[in-house]
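Encoded as C-alpha cells, the structure appears first; notes follow it.
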Amino acid sequence: WAPGFPTERHYLQAVARSLSRGCPGDRKHHIARRPPLPTELVLLIIRRVGATNLCRELCCTFPKNVSYRSLATSSATLRISVSVTASDASVARRLLFASPAVEQEYLHRLASLRVDTMSTDQGWVSDPSSGSWSWIEVGIIRFSKLARDKTFDPEEALLPHRHGSQFSTDDEVDTRDLHTWESHHNPVAGNGMALVEGKEFGPEHEIWSTLQAGDRIGVWLCAQFPGWECRARAARITVREWFEPTLL
C-alpha cells in the first residue's frame with residue numbers, strides 16, 4: 001500500500017472515503033473538481049479493482065506458534081514433522097491442520113485463498129522424469145450434525161497428529177461430501193524442507209460456492225505410488241476478504 005498509511009486497510013479506507021466525498025477542486029493548483037460518488041458505486045469500484053484485505057479470523061498457521069509473516073525462518077528450529085507415505089497406486093492422504101470454522105457472516109466476503117508449506121518429498125527418486133507424486137491439497141471439512149452440535153474453540157486449528165485424530169467417531173465428519181483441490185506439488189527429490197507457495201484460489205473458484213457455514217478449510221498431505229512421501233514442518237492458510245469500507 002501507499003507510504004504514510006500504517007496498514008493496507010487504512011489505505012483502502014482512505015481511497016473509498018475520497019471517492020465518496022469527492023474533491024472541491026483547486027484552480028490555483030490546477031486540481032479539477034471531482035463530484036462525490038454514491039456509496040453503491042464506491043463499493044462497486046472497490047470490488048471491481050479487486051481490493052481485498054486479510055481475513056484475520058481465518059488466517060492461521062501450523063504449528064500455532066509459528067510466525068505467519070516469516071514461516072520459513074520461524075519454523076527453522078522446529079523438530080516437529082508430519083508425514084504421509086504411499087504404499088501403492090492409491091492416494092494416501094493425511095490431514096495436517098484446518099482453519100477455524102467459517103461463520104455465516106463471512107461467506108459472501110471471502111475472495112481468495114492460498115496455502116504455503118515448509119515441506120518436502122522423500123528426498124530421492126529413481127526416475128526424475130516421472131514427475132512429483134508428493135503434493136498438498138486444500139479442501140473443506142464438513143462436520144455432521146452430531147459434531148456441529150458440539151462446542152469447538154473457534155481459535156483452535158485442528159492438530160490431528162498430536163493425540164490421534166480429533167475426530168473420534170466416523171459420525172463427526174461427513175466424508176461422503178469431502179471436497180479437495182490440488183494446491184501445489186513438492187519439488188522432486190527435494191533437498192530438505194523448503195518453503196513452497198501454493199496457487200491462489202481466486203473469487204471464481206468453486207471452493208467458495210461449495211463452502212458452507214460451519215465448515216473448516218483443511219490442508220492435506222498427499223502421496224501416491226510406492227516410496228513416495230509428503231512431509232511438512234509448518235504451513236499457513238492465507239484467506240483474503242473483499243474490502244468493505246466503513247463510515248464513508
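Identifiers in this document derive from the order of the C-alpha cells: chains are assigned A, B, ..., residues are numbered from 1 separately in each chain, and ligands are numbered from 1 in order of occurrence.
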Those of region 80-140 of chain A in DSSP helix (DSSP H, G or I), formatted as a PyMOL selection string = chain A and resi 104-106+128-130
Output file for the residues above (N, CA, C and O atoms, as a PDB file, in the first residue's frame):
ATOM      1  N   GLN A 104     -21.240 -17.722   9.201  1.00  0.00           N
ATOM      2  CA  GLN A 104     -22.173 -17.356   8.146  1.00  0.00           C
ATOM      3  C   GLN A 104     -21.877 -15.962   7.578  1.00  0.00           C
ATOM      4  O   GLN A 104     -21.943 -15.738   6.373  1.00  0.00           O
ATOM      5  N   GLU A 105     -21.524 -15.019   8.442  1.00  0.00           N
ATOM      6  CA  GLU A 105     -21.324 -13.632   8.006  1.00  0.00           C
ATOM      7  C   GLU A 105     -20.142 -13.460   7.066  1.00  0.00           C
ATOM      8  O   GLU A 105     -20.051 -12.441   6.357  1.00  0.00           O
ATOM      9  N   TYR A 106     -19.227 -14.437   7.010  1.00  0.00           N
ATOM     10  CA  TYR A 106     -18.044 -14.305   6.163  1.00  0.00           C
ATOM     11  C   TYR A 106     -18.219 -14.916   4.784  1.00  0.00           C
ATOM     12  O   TYR A 106     -17.413 -14.645   3.883  1.00  0.00           O
ATOM     13  N   PRO A 128      13.660 -39.258 -12.163  1.00  0.00           N
ATOM     14  CA  PRO A 128      13.274 -37.849 -12.001  1.00  0.00           C
ATOM     15  C   PRO A 128      12.269 -37.350 -13.035  1.00  0.00           C
ATOM     16  O   PRO A 128      11.541 -36.393 -12.787  1.00  0.00           O
ATOM     17  N   SER A 129      12.214 -37.995 -14.188  1.00  0.00           N
ATOM     18  CA  SER A 129      11.314 -37.549 -15.245  1.00  0.00           C
ATOM     19  C   SER A 129       9.874 -37.998 -15.030  1.00  0.00           C
ATOM     20  O   SER A 129       8.985 -37.630 -15.811  1.00  0.00           O
ATOM     21  N   SER A 130       9.635 -38.790 -13.998  1.00  0.00           N
ATOM     22  CA  SER A 130       8.284 -39.321 -13.764  1.00  0.00           C
ATOM     23  C   SER A 130       7.365 -38.301 -13.097  1.00  0.00           C
ATOM     24  O   SER A 130       6.174 -38.550 -12.912  1.00  0.00           O
TER      25      SER A 130
END
If you take only C-alpha atoms and a cut-off of 9 Å, which residues of region 165-239 of chain A touch region 58-65 of chain A, and what are their nearest atom pairs and distances in Å to one decimal, in chain and number order, as a tab-separated table?
residue	atom	partner	partner_atom	distance
A:Ile217	CA	A:Leu58	CA	8.6
A:Arg233	CA	A:Phe62	CA	8.1
A:Ala234	CA	A:Phe62	CA	5.2
A:Ala235	CA	A:Phe62	CA	5.0
A:Arg236	CA	A:Thr61	CA	4.2
A:Ile237	CA	A:Cys59	CA	5.4
A:Thr238	CA	A:Cys59	CA	5.0
A:Val239	CA	A:Cys59	CA	5.6
Hey, can you check how far CA of Ser132 (chain A) sits from CA of Val82 (chain A)?
->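 Value for the CA of Ser132 (chain A)-CA of Val82 (chain A) distance: 18.5 Å.
Take the candidates A:Gln224, A:Thr7, A:Ser87, A:Gln212 and check each one against Glu103 (chain A) using only C-alpha atoms; the shortest distance goes to A:Gln212.
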Pick out each residue of region 94-127 of chain A that DSSP on the backbone tags as strand (DSSP E); I need them as a list of chain:residue names.
->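 Strand (DSSP E) assignments inside region 94-127 of chain A correspond to A:Arg94, A:Leu95, A:Leu96, A:Phe97, A:Ala98, A:Leu110, A:Ala111, A:Ser112, A:Leu113, A:Arg114, A:Val115, A:Asp116, A:Thr117, A:Met118, A:Ser119, A:Thr120.
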Can those selected residues be exported to a file as a PDB file, in the first residue's frame so that it contains C-alpha atoms?
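Below is the file result.pdb, written as the result:
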ATOM      1  CA  ARG A  94      -3.324 -37.062   5.926  1.00  0.00           C
ATOM      2  CA  LEU A  95      -4.997 -34.018   7.378  1.00  0.00           C
ATOM      3  CA  LEU A  96      -2.309 -31.599   8.552  1.00  0.00           C
ATOM      4  CA  PHE A  97      -4.480 -28.872  10.087  1.00  0.00           C
ATOM      5  CA  ALA A  98      -7.529 -26.737   9.457  1.00  0.00           C
ATOM      6  CA  LEU A 110     -14.312 -14.300   1.092  1.00  0.00           C
ATOM      7  CA  ALA A 111     -12.283 -13.539  -2.053  1.00  0.00           C
ATOM      8  CA  SER A 112      -9.171 -15.715  -2.226  1.00  0.00           C
ATOM      9  CA  LEU A 113      -7.220 -18.463  -0.509  1.00  0.00           C
ATOM     10  CA  ARG A 114      -3.624 -19.690  -0.604  1.00  0.00           C
ATOM     11  CA  VAL A 115      -1.679 -22.311   1.308  1.00  0.00           C
ATOM     12  CA  ASP A 116       2.122 -22.229   1.734  1.00  0.00           C
ATOM     13  CA  THR A 117       4.104 -25.052   3.300  1.00  0.00           C
ATOM     14  CA  MET A 118       7.552 -25.836   4.623  1.00  0.00           C
ATOM     15  CA  SER A 119       7.565 -29.270   3.057  1.00  0.00           C
ATOM     16  CA  THR A 120       9.445 -31.860   1.007  1.00  0.00           C
TER      17      THR A 120
END
Smallest atom-to-atom distance to Pro36 (chain A): which of A:Pro24, A:Glu182, A:Thr246, A:Arg9, using only C-alpha atoms?
-> A:Pro24
Find the residues around Ala14 (chain A) up to 10 Å (only C-alpha atoms counted), leave out those fewer than 5 positions away in its own chain, and share them as a VMD selection string.
-> chain A and resid 5 9 19 to 20 245 248
Return the single residue from A:Val15, A:Val66, A:Leu211, A:Cys222 that is closest to Ser134 (chain A), with distances computed using only C-alpha atoms.
-> A:Cys222
Which residue of A:Leu54, A:Glu197, A:Ile31, A:Gly227 approaches Trp242 (chain A) most closely, using only C-alpha atoms =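 Once distances to Trp242 (chain A) are computed over only C-alpha atoms, the minimum belongs to A:Leu54.
Here the question is which of A:Ala16, A:Ser83, A:Cys23, A:Gly190 gets nearest to Leu41 (chain A) using only C-alpha atoms, and that residue is A:Ala16.
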Work out how far apart CA of Cys230 (chain A) and CA of Leu195 (chain A) are and give it in Å to one decimal.
-> 13.6 Å
